[in-house]
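As provided, work00.cif (mmCIF, C-alpha atoms and all ligand atoms) reads as follows.
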```cif
data_upload
loop_
_atom_site.label_atom_id
_atom_site.label_comp_id
_atom_site.auth_asym_id
_atom_site.auth_seq_id
_atom_site.Cartn_x
_atom_site.Cartn_y
_atom_site.Cartn_z
CA MET F 1 -36.21 18.28 -54.18
CA PRO F 2 -36.18 17.39 -57.91
CA PHE F 3 -32.80 17.16 -59.66
CA ALA F 4 -33.70 20.23 -61.70
CA GLN F 5 -33.73 22.38 -58.57
CA PHE F 6 -30.22 21.32 -57.61
CA PRO F 7 -27.93 24.04 -58.96
CA GLY F 8 -25.03 23.15 -61.27
CA ASN F 9 -23.37 19.82 -62.06
CA GLU F 10 -25.63 19.13 -65.04
CA LYS F 11 -23.57 16.18 -66.30
CA VAL F 12 -23.60 14.35 -62.99
CA LYS F 13 -27.35 14.81 -62.68
CA GLU F 14 -27.87 13.53 -66.20
CA ILE F 15 -25.80 10.40 -65.52
CA LEU F 16 -27.78 9.69 -62.37
CA ARG F 17 -31.18 10.20 -64.00
CA LEU F 18 -30.26 8.05 -66.95
CA ALA F 19 -29.07 5.26 -64.66
CA LEU F 20 -32.31 5.51 -62.67
CA ARG F 21 -34.42 5.39 -65.81
CA ARG F 22 -32.60 2.33 -67.10
CA LYS F 23 -32.61 0.76 -63.64
CA LYS F 24 -28.84 0.62 -63.76
CA LEU F 25 -27.98 2.75 -60.79
CA PRO F 26 -24.84 1.32 -59.11
CA ARG F 27 -25.52 0.07 -55.58
CA SER F 28 -22.55 1.95 -54.20
CA LEU F 29 -21.53 5.43 -55.19
CA ILE F 30 -18.82 7.80 -54.11
CA LEU F 31 -19.68 11.47 -54.45
CA VAL F 32 -16.45 13.42 -54.44
CA ASP F 33 -16.99 17.01 -53.43
CA SER F 34 -13.97 19.04 -52.45
CA SER F 35 -15.30 22.53 -52.86
CA GLY F 36 -18.94 23.02 -52.05
CA GLY F 37 -20.67 21.26 -54.93
CA GLY F 38 -23.49 20.22 -52.60
CA ALA F 39 -22.86 16.45 -52.35
CA ASP F 40 -24.95 16.16 -49.21
CA ARG F 41 -27.96 17.61 -50.94
CA LEU F 42 -27.44 15.51 -54.05
CA ALA F 43 -27.25 12.35 -51.93
CA GLN F 44 -30.57 13.28 -50.38
CA ILE F 45 -32.18 13.83 -53.79
CA LEU F 46 -30.92 10.43 -54.86
CA ALA F 47 -32.33 8.81 -51.72
CA GLN F 48 -35.66 10.45 -52.58
CA ALA F 49 -35.51 9.44 -56.25
CA VAL F 50 -35.07 5.73 -55.48
CA ASN F 51 -37.97 5.88 -53.04
CA CYS F 52 -40.27 8.40 -54.74
CA LEU F 53 -43.89 7.31 -55.09
CA GLN F 54 -44.50 9.41 -58.19
CA GLN F 55 -41.39 9.24 -60.35
CA GLN F 56 -38.89 6.63 -61.47
CA ASP F 57 -35.94 8.82 -62.36
CA ASP F 58 -36.39 11.85 -60.15
CA ALA F 59 -37.59 13.04 -56.78
CA CYS F 60 -40.99 14.68 -56.99
CA GLY F 61 -40.37 16.40 -53.67
CA LEU F 62 -44.08 16.24 -52.83
CA CYS F 63 -45.02 12.62 -52.12
CA ALA F 64 -44.99 11.23 -48.59
CA ASN F 65 -41.65 9.47 -49.09
CA CYS F 66 -39.91 12.48 -50.60
CA GLN F 67 -41.16 14.70 -47.80
CA ALA F 68 -40.19 12.28 -45.04
CA ILE F 69 -36.68 11.97 -46.48
CA GLU F 70 -36.40 15.75 -46.76
CA ALA F 71 -37.38 16.04 -43.10
CA GLY F 72 -34.91 13.34 -42.06
CA ARG F 73 -37.60 11.01 -40.70
CA PHE F 74 -37.70 8.22 -43.25
CA PRO F 75 -36.81 4.90 -41.62
CA ASP F 76 -35.02 3.51 -44.67
CA VAL F 77 -32.59 6.40 -45.07
CA LEU F 78 -29.75 6.47 -42.60
CA VAL F 79 -27.02 9.09 -42.41
CA VAL F 80 -23.72 8.01 -40.89
CA GLU F 81 -21.11 10.56 -39.92
CA PRO F 82 -17.87 10.67 -37.93
CA GLU F 83 -17.89 11.22 -34.21
CA LYS F 84 -14.81 13.05 -33.00
CA GLU F 85 -13.35 12.72 -36.49
CA ILE F 86 -13.70 8.94 -36.67
CA ILE F 87 -16.31 6.56 -38.06
CA ARG F 88 -15.92 3.58 -35.77
CA VAL F 89 -16.56 -0.05 -36.54
CA GLU F 90 -19.63 -0.23 -34.27
CA LYS F 91 -21.44 2.15 -36.59
CA ILE F 92 -20.49 0.20 -39.69
CA ARG F 93 -21.55 -3.05 -38.01
CA GLU F 94 -24.96 -1.48 -37.49
CA VAL F 95 -25.00 -0.46 -41.17
CA LYS F 96 -24.10 -4.01 -42.11
CA ARG F 97 -26.87 -5.47 -39.97
CA LEU F 98 -29.53 -3.16 -41.42
CA ALA F 99 -28.28 -3.36 -44.99
CA TYR F 100 -29.33 -6.99 -45.35
CA LEU F 101 -32.85 -6.38 -44.04
CA LYS F 102 -35.71 -5.58 -46.41
CA PRO F 103 -36.60 -1.89 -46.56
CA MET F 104 -39.30 -1.03 -44.04
CA ILE F 105 -41.50 1.19 -46.21
CA GLY F 106 -39.46 2.33 -49.18
CA ARG F 107 -38.09 0.55 -52.22
CA TYR F 108 -34.49 0.98 -51.10
CA ARG F 109 -32.56 1.30 -47.93
CA VAL F 110 -30.13 4.16 -48.42
CA PHE F 111 -27.01 4.74 -46.35
CA ILE F 112 -25.38 8.12 -46.74
CA ILE F 113 -21.90 8.06 -45.23
CA ARG F 114 -20.56 11.57 -44.72
CA GLN F 115 -16.80 12.12 -44.65
CA SER F 116 -16.48 8.46 -45.47
CA GLU F 117 -12.67 8.71 -45.55
CA LYS F 118 -12.86 8.94 -41.75
CA MET F 119 -13.73 5.27 -41.34
CA ASN F 120 -10.96 3.73 -39.29
CA GLU F 121 -9.26 0.59 -40.54
CA GLN F 122 -11.60 -1.83 -38.85
CA ALA F 123 -14.68 0.07 -40.01
CA ALA F 124 -13.39 0.25 -43.57
CA ASN F 125 -12.68 -3.48 -43.64
CA THR F 126 -16.13 -4.28 -42.31
CA PHE F 127 -17.66 -2.00 -44.91
CA LEU F 128 -15.62 -3.67 -47.63
CA LYS F 129 -17.16 -7.02 -46.69
CA VAL F 130 -20.63 -5.55 -47.28
CA LEU F 131 -19.57 -4.27 -50.69
CA GLU F 132 -18.23 -7.70 -51.54
CA GLU F 133 -21.63 -9.23 -50.91
CA PRO F 134 -23.95 -6.40 -51.87
CA PRO F 135 -27.39 -6.58 -50.28
CA ALA F 136 -30.38 -6.59 -52.64
CA SER F 137 -32.31 -3.37 -52.07
CA THR F 138 -29.66 -1.14 -50.63
CA LEU F 139 -27.90 1.92 -51.94
CA PHE F 140 -24.66 3.19 -50.39
CA ILE F 141 -23.65 6.79 -51.01
CA LEU F 142 -20.21 7.65 -49.73
CA LEU F 143 -19.40 11.34 -49.50
CA THR F 144 -15.83 12.54 -49.39
CA ALA F 145 -13.64 15.50 -50.24
CA ASN F 146 -10.68 13.22 -50.71
CA PRO F 147 -11.25 9.79 -52.26
CA TYR F 148 -7.53 8.98 -52.06
CA LEU F 149 -7.96 8.46 -48.35
CA LEU F 150 -10.44 5.63 -48.92
CA LEU F 151 -9.28 2.03 -49.19
CA PRO F 152 -8.48 1.34 -52.87
CA THR F 153 -10.53 -1.85 -52.56
CA ILE F 154 -13.55 0.22 -51.49
CA ARG F 155 -13.03 2.71 -54.31
CA SER F 156 -12.80 -0.01 -56.91
CA ARG F 157 -16.20 -1.38 -55.88
CA CYS F 158 -17.99 1.95 -56.14
CA GLN F 159 -18.78 4.25 -58.98
CA GLU F 160 -17.13 7.59 -58.40
CA LEU F 161 -18.74 10.86 -59.41
CA HIS F 162 -16.93 14.16 -59.04
CA LEU F 163 -18.88 17.30 -58.28
CA ALA F 164 -17.67 20.64 -59.53
CA PRO F 165 -18.09 23.72 -57.35
CA LEU F 166 -21.04 25.88 -58.20
CA PRO F 167 -19.98 28.66 -60.60
CA ARG F 168 -19.76 31.93 -58.75
CA GLU F 169 -22.33 33.73 -60.91
CA MET F 170 -24.83 30.95 -60.38
CA LEU F 171 -24.23 30.99 -56.64
CA GLU F 172 -24.70 34.75 -56.62
CA LYS F 173 -28.02 34.38 -58.40
CA TYR F 174 -29.23 31.78 -55.91
CA LEU F 175 -28.23 33.96 -52.99
CA THR F 176 -30.14 36.94 -54.37
CA GLN F 177 -33.15 34.72 -54.97
CA ALA F 178 -32.87 33.56 -51.38
CA GLY F 179 -33.27 37.16 -50.30
CA LYS F 180 -29.68 38.39 -49.92
CA ASP F 181 -28.85 41.94 -50.90
CA LYS F 182 -26.95 42.09 -54.23
CA ASN F 183 -23.69 43.36 -52.77
CA GLU F 184 -23.77 40.86 -49.95
CA ALA F 185 -24.54 38.02 -52.37
CA ARG F 186 -21.47 38.90 -54.44
CA LEU F 187 -19.22 38.96 -51.39
CA LEU F 188 -20.68 35.72 -50.02
CA ALA F 189 -20.35 33.96 -53.36
CA TYR F 190 -16.69 34.85 -53.31
CA LEU F 191 -15.80 34.20 -49.68
CA ALA F 192 -18.13 31.57 -48.31
CA LYS F 193 -17.50 27.88 -48.89
CA GLY F 194 -19.79 24.91 -48.78
CA ASP F 195 -23.18 24.30 -50.27
CA ILE F 196 -25.94 26.80 -50.59
CA GLU F 197 -27.55 26.17 -47.22
CA GLU F 198 -24.27 26.55 -45.36
CA ILE F 199 -23.51 29.73 -47.24
CA LEU F 200 -26.88 31.19 -46.32
CA LYS F 201 -25.94 30.75 -42.66
CA PHE F 202 -22.47 32.23 -43.14
CA ASP F 203 -21.74 35.17 -40.83
CA LEU F 204 -19.89 37.91 -42.70
CA GLN F 205 -19.44 39.92 -39.52
CA GLU F 206 -17.26 37.18 -38.11
CA LEU F 207 -14.89 37.47 -41.02
CA ARG F 208 -14.72 41.24 -40.94
CA PRO F 209 -11.73 41.62 -38.52
CA LYS F 210 -9.70 39.16 -40.57
CA ARG F 211 -10.53 41.00 -43.78
CA GLU F 212 -9.53 44.29 -42.15
CA ASN F 213 -6.16 42.82 -41.19
CA LEU F 214 -5.59 41.49 -44.67
CA TRP F 215 -6.54 44.81 -46.20
CA GLU F 216 -3.88 46.39 -43.96
CA LEU F 217 -1.41 43.84 -45.25
CA VAL F 218 -2.30 44.66 -48.86
CA LYS F 219 -1.74 48.34 -48.14
CA SER F 220 1.50 47.69 -46.31
CA CYS F 221 2.85 45.95 -49.40
CA LEU F 222 2.76 49.32 -51.10
CA GLN F 223 4.63 51.20 -48.42
CA GLU F 224 8.22 51.50 -47.55
CA GLY F 225 9.14 51.19 -43.92
CA PRO F 226 8.15 48.72 -41.26
CA PHE F 227 7.88 45.92 -43.73
CA SER F 228 9.82 43.24 -41.92
CA VAL F 229 7.75 43.89 -38.83
CA ARG F 230 4.57 43.10 -40.71
CA ILE F 231 6.03 39.98 -42.22
CA LYS F 232 6.81 38.76 -38.73
CA GLU F 233 3.38 39.66 -37.46
CA TYR F 234 1.62 37.75 -40.21
CA THR F 235 3.75 34.71 -40.40
CA SER F 236 3.55 34.29 -36.65
CA LEU F 237 -0.22 33.96 -37.05
CA GLY F 238 -0.13 30.33 -37.99
CA LYS F 239 2.58 28.70 -39.97
CA HIS F 240 0.75 25.45 -40.09
CA HIS F 241 -2.76 26.39 -41.05
CA ARG F 242 -2.67 25.82 -44.77
CA LEU F 243 -6.39 26.23 -45.25
CA LEU F 244 -6.44 29.48 -43.30
CA TRP F 245 -3.60 30.83 -45.38
CA LEU F 246 -5.28 29.79 -48.59
CA GLU F 247 -8.36 31.65 -47.46
CA ALA F 248 -6.22 34.67 -46.52
CA LEU F 249 -4.54 34.71 -49.93
CA GLU F 250 -7.91 34.48 -51.62
CA ILE F 251 -9.17 37.44 -49.63
CA MET F 252 -6.05 39.44 -50.50
CA ALA F 253 -6.53 38.53 -54.16
CA SER F 254 -10.12 39.80 -53.97
CA PHE F 255 -8.82 43.19 -52.78
CA TRP F 256 -6.27 43.32 -55.59
CA ARG F 257 -8.92 42.32 -58.07
CA ASP F 258 -11.10 45.20 -56.88
CA ILE F 259 -8.17 47.62 -57.10
CA LEU F 260 -7.53 46.45 -60.65
CA LEU F 261 -11.21 46.83 -61.57
CA MET F 262 -11.18 50.41 -60.30
CA LYS F 263 -8.00 51.11 -62.27
CA LEU F 264 -9.78 49.80 -65.36
CA ARG F 265 -12.76 52.05 -64.60
CA ALA F 266 -15.14 49.10 -64.26
CA PRO F 267 -18.57 49.82 -62.74
CA GLU F 268 -18.49 49.91 -58.96
CA GLU F 269 -21.16 47.23 -58.65
CA LEU F 270 -18.66 44.63 -59.83
CA MET F 271 -16.62 45.15 -56.68
CA ILE F 272 -16.48 42.14 -54.36
CA ASN F 273 -15.42 44.06 -51.27
CA TYR F 274 -18.15 46.66 -51.60
CA ASP F 275 -17.88 47.46 -47.90
CA PHE F 276 -14.29 48.68 -48.46
CA ARG F 277 -15.09 50.62 -51.62
CA GLU F 278 -13.97 54.10 -50.49
CA GLU F 279 -10.62 52.78 -49.28
CA ILE F 280 -10.16 50.66 -52.39
CA LYS F 281 -10.89 53.62 -54.64
CA ARG F 282 -8.37 55.71 -52.74
CA ILE F 283 -5.62 53.08 -53.02
CA SER F 284 -6.39 52.38 -56.67
CA SER F 285 -5.64 55.99 -57.45
CA VAL F 286 -2.07 55.64 -56.22
CA VAL F 287 -0.99 52.23 -57.57
CA SER F 288 -0.23 51.18 -61.13
CA ILE F 289 -2.20 48.64 -63.16
CA GLU F 290 1.02 46.74 -63.53
CA ILE F 291 1.49 46.21 -59.79
CA ALA F 292 -2.15 45.13 -59.39
CA GLU F 293 -1.76 42.55 -62.15
CA LYS F 294 1.54 41.33 -60.73
CA SER F 295 0.03 41.06 -57.26
CA LEU F 296 -2.68 38.75 -58.53
CA LYS F 297 -0.10 36.59 -60.27
CA TRP F 298 2.12 36.44 -57.19
CA LEU F 299 -0.80 35.54 -54.94
CA ASP F 300 -1.76 32.78 -57.32
CA GLN F 301 1.75 31.43 -57.21
CA ALA F 302 1.80 31.59 -53.41
CA ALA F 303 -1.49 29.65 -53.23
CA GLU F 304 -0.12 26.98 -55.57
CA ASP F 305 2.98 26.66 -53.39
CA ILE F 306 0.88 26.30 -50.25
CA LYS F 307 -1.08 23.51 -51.91
CA LYS F 308 2.18 21.81 -52.75
CA ASN F 309 2.95 21.61 -49.03
CA LEU F 310 5.93 23.96 -49.15
CA ASN F 311 6.90 25.86 -46.03
CA ILE F 312 4.30 28.57 -45.41
CA GLN F 313 6.63 31.08 -43.81
CA VAL F 314 9.01 30.88 -46.76
CA ILE F 315 6.13 31.31 -49.21
CA ILE F 316 4.67 34.35 -47.46
CA ASN F 317 8.09 35.95 -46.98
CA SER F 318 8.86 35.49 -50.60
CA TYR F 319 5.46 36.86 -51.66
CA LEU F 320 5.86 39.96 -49.51
CA SER F 321 9.45 40.57 -50.52
CA ARG F 322 8.43 40.78 -54.17
CA TYR F 323 7.12 44.27 -53.51
CA GLN F 324 10.46 45.54 -52.32
CA GLY F 325 12.23 47.60 -54.91
CA GLN F 326 9.10 47.69 -57.11
CA ASP F 327 7.88 50.98 -58.42
CA ASN F 328 4.36 50.71 -57.07
CA ALA F 329 2.91 53.78 -58.65
ZN ZN Q 1 -41.69 11.75 -54.49
#
```
Go ahead and express the file in the form of structure tokens.
Amino acid sequence: MPFAQFPGNEKVKEILRLALRRKKLPRSLILVDSSGGGADRLAQILAQAVNCLQQQDDACGLCANCQAIEAGRFPDVLVVEPEKEIIRVEKIREVKRLAYLKPMIGRYRVFIIRQSEKMNEQAANTFLKVLEEPPASTLFILLTANPYLLLPTIRSRCQELHLAPLPREMLEKYLTQAGKDKNEARLLAYLAKGDIEEILKFDLQELRPKRENLWELVKSCLQEGPFSVRIKEYTSLGKHHRLLWLEALEIMASFWRDILLMKLRAPEELMINYDFREEIKRISSVVSIEIAEKSLKWLDQAAEDIKKNLNIQVIINSYLSRYQGQDNA
């Protein structure tokens, strides 16, 4: 796939193409991707570009090399990934052995190391030795969501490029082009994480029960009564699953955003949770703009606190208790 077809991250693509054109591409790169910028895909494009038979600074996507890499059957491109959450030294020893051999058919041997922060100590040290004596026609592409977990000595020998997540509008456009219905594309662009191919496989039905529960929680915030019971119910769900709670808060924020949009008489087709639209319209008629705006602010604060590693139960309790004594309507 040519760089131009890779959505977003224009700057990163420009840097890479320029380096290719000037034959200055670093032999070891770290692609940092913490929120679905598509690092895996970009690594593949780069592996194609250095081996493309037609182009010097891009992947044509059509030549024999580009196609073989796309199909995962090019002998000079090797993908390494953790097994049971660990990249063991045996794998890196194999990388080391191959790295010093001439490419079989391409110009470069390319090693793409997924979740590279999962190398154990021995593996990381072995890999460091390779970086210290870089082989001639080899390109290492380390993928990670968290470069801080890599050995500092590895990081300092690689060029690091940070990928930004795909803007939501752009993602939405891609999803519609890929054949998704407009409403579904909007919801997916908001809820699903990962790169475009993963998102296309995302099963919205699976998330539906969770969204229903969270919608109940949003509504319960506005009612007097069995409040403490709900707090208990929700905090018992999983005090330790930070990522799940972040997702939950994001879903709740999407409901509040929709309520606010309806209060502001925005067109219905801007609604994220289109499948809840009747309910959302009903609730929006009984709450104030002020409480919808506050809710979004409070949810934001709660998400920040969760990221800071504060106690989840305390955060959620404090979020929910903000509604007490508020004049919701
Ligand atoms: Zn090509």
Quiz item: So how many Å separate atom CA of Ala302 of chain F and atom CA of Glu250 of chain F, to one decimal?
Solution: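 Between atom CA of Ala302 of chain F and atom CA of Glu250 of chain F the gap is 10.3 Å.
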Exercise. Please give me, as a list in words, the residues lying within 10 Å of ligand ZN 1 (chain Q) when counting only C-alpha atoms and all ligand atoms.
Key: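 Answer in the requested format: Met1, Pro2, Ile45, Gln48, Ala49, Val50, Asn51, Cys52, Leu53, Gln54, Gln55, Gln56, Asp58, Ala59, Cys60, Gly61, Leu62, Cys63, Ala64, Asn65, Cys66, Gln67, Ala68 and Ile69 of chain F.
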Exercise. Write out as a PyMOL selection string which residues come within 6 Å of segment 265-279 of chain F when counting all atoms listed in the file, dropping same-chain ones fewer than 4 positions away.
Key: chain F and resi 186-187+258+261
Padding 4 Å on every side, please: axis-aligned box over the listed atoms of segment 122-130 of chain F, centre and edge lengths to one decimal in Å, as AutoDock Vina command-line options.
```
--center_x -16.1 --center_y -3.4 --center_z -43.2 --size_x 17.0 --size_y 15.3 --size_z 16.8
```
Quiz prompt | Residue among F:Leu222, F:Ile86, F:Ala136, F:Ala192 lying closest to Leu98 of chain F, counting all atoms listed in the file | solution =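 Closest candidate: F:Ala136.
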Exercise. Might you pull out every residue within 12 Å of Glu198 of chain F, with only C-alpha atoms counted and same-chain residues fewer than 3 positions away left off, and present them as a PyMOL selection string?
Key: chain F and resi 36-38+40-41+175+188-189+192-195+201-203
Self-check item: Which of F:Lys129, F:His162, F:Arg73, F:Arg109 sits closest to Ser35 of chain F [using only C-alpha atoms]
Solution: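 Selected residue with least distance to Ser35 of chain F: F:His162.
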Quiz prompt | Nearest-residue call for Glu10 of chain F, choices F:Pro147, F:Glu121, F:Thr138, F:Leu42, using all atoms listed in the file | solution =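 The closest residue to Glu10 of chain F is F:Leu42.
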Would you mind listing what lies within 10 Å of Glu85 of chain F as a compact mmCIF listing (two decimals) with C-alpha atoms, in the coordinates of the input, with all atoms listed in the file counted and same-chain residues fewer than 3 positions away left out?
```txt
# COMPACT_ATOMS: atom_id res chain seq x y z
CA GLU F 81 -21.11 10.56 -39.92
CA PRO F 82 -17.87 10.67 -37.93
CA ARG F 88 -15.92 3.58 -35.77
CA GLN F 115 -16.80 12.12 -44.65
CA GLU F 117 -12.67 8.71 -45.55
CA LYS F 118 -12.86 8.94 -41.75
CA MET F 119 -13.73 5.27 -41.34
CA ASN F 120 -10.96 3.73 -39.29
```
Exercise. Pick out the residues sitting within 6 Å of Val79 of chain F, and hand them over as a list of chain:residue names; count only C-alpha atoms, and ignore anything fewer than 6 positions along from it in its own chain.
Key: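 My reading of the contact set: F:Phe111, F:Ile112, F:Ile113.
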Quiz item: Closest to Ala145 of chain F among F:Val32, F:Leu204, F:Ile251, F:Lys91, using only C-alpha atoms?
Solution: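 Among the listed residues, the smallest separation from Ala145 of chain F belongs to F:Val32.
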Exercise. Determine, counting all atoms listed in the file, which protein, DNA and RNA residues have an atom within 12 Å of an atom of Ile15 of chain F; residues of the same chain fewer than 6 positions away are not included. Present the result as a list in words.
Key: Phe3, Asn9, Arg21, Arg22, Lys23, Lys24, Leu25, Pro26, Leu46, Asp57, Asp58, Gln159, Glu160, Leu161 and His162 of chain F
Output file for the residues above (C-alpha atoms, as a PDB file, in the coordinates of the input):
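After the write, selection.pdb holds the following:
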```pdb
ATOM      1  CA  PHE F   3     -32.800  17.160 -59.660  1.00  0.00           C
ATOM      2  CA  ASN F   9     -23.370  19.820 -62.060  1.00  0.00           C
ATOM      3  CA  ARG F  21     -34.420   5.390 -65.810  1.00  0.00           C
ATOM      4  CA  ARG F  22     -32.600   2.330 -67.100  1.00  0.00           C
ATOM      5  CA  LYS F  23     -32.610   0.760 -63.640  1.00  0.00           C
ATOM      6  CA  LYS F  24     -28.840   0.620 -63.760  1.00  0.00           C
ATOM      7  CA  LEU F  25     -27.980   2.750 -60.790  1.00  0.00           C
ATOM      8  CA  PRO F  26     -24.840   1.320 -59.110  1.00  0.00           C
ATOM      9  CA  LEU F  46     -30.920  10.430 -54.860  1.00  0.00           C
ATOM     10  CA  ASP F  57     -35.940   8.820 -62.360  1.00  0.00           C
ATOM     11  CA  ASP F  58     -36.390  11.850 -60.150  1.00  0.00           C
ATOM     12  CA  GLN F 159     -18.780   4.250 -58.980  1.00  0.00           C
ATOM     13  CA  GLU F 160     -17.130   7.590 -58.400  1.00  0.00           C
ATOM     14  CA  LEU F 161     -18.740  10.860 -59.410  1.00  0.00           C
ATOM     15  CA  HIS F 162     -16.930  14.160 -59.040  1.00  0.00           C
TER      16      HIS F 162
END
```
Quiz item: Quick one: distance from atom CA of Pro103 of chain F to atom CA of Glu90 of chain F in Å, one decimal?
Solution: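 Value for the atom CA of Pro103 of chain F-atom CA of Glu90 of chain F distance: 21.0 Å.
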Exercise. Return the single residue from F:Val110, F:Ile92, F:Ile259, F:Leu163 that is closest to Ala47 of chain F, with distances computed using all atoms listed in the file.
Key: F:Val110
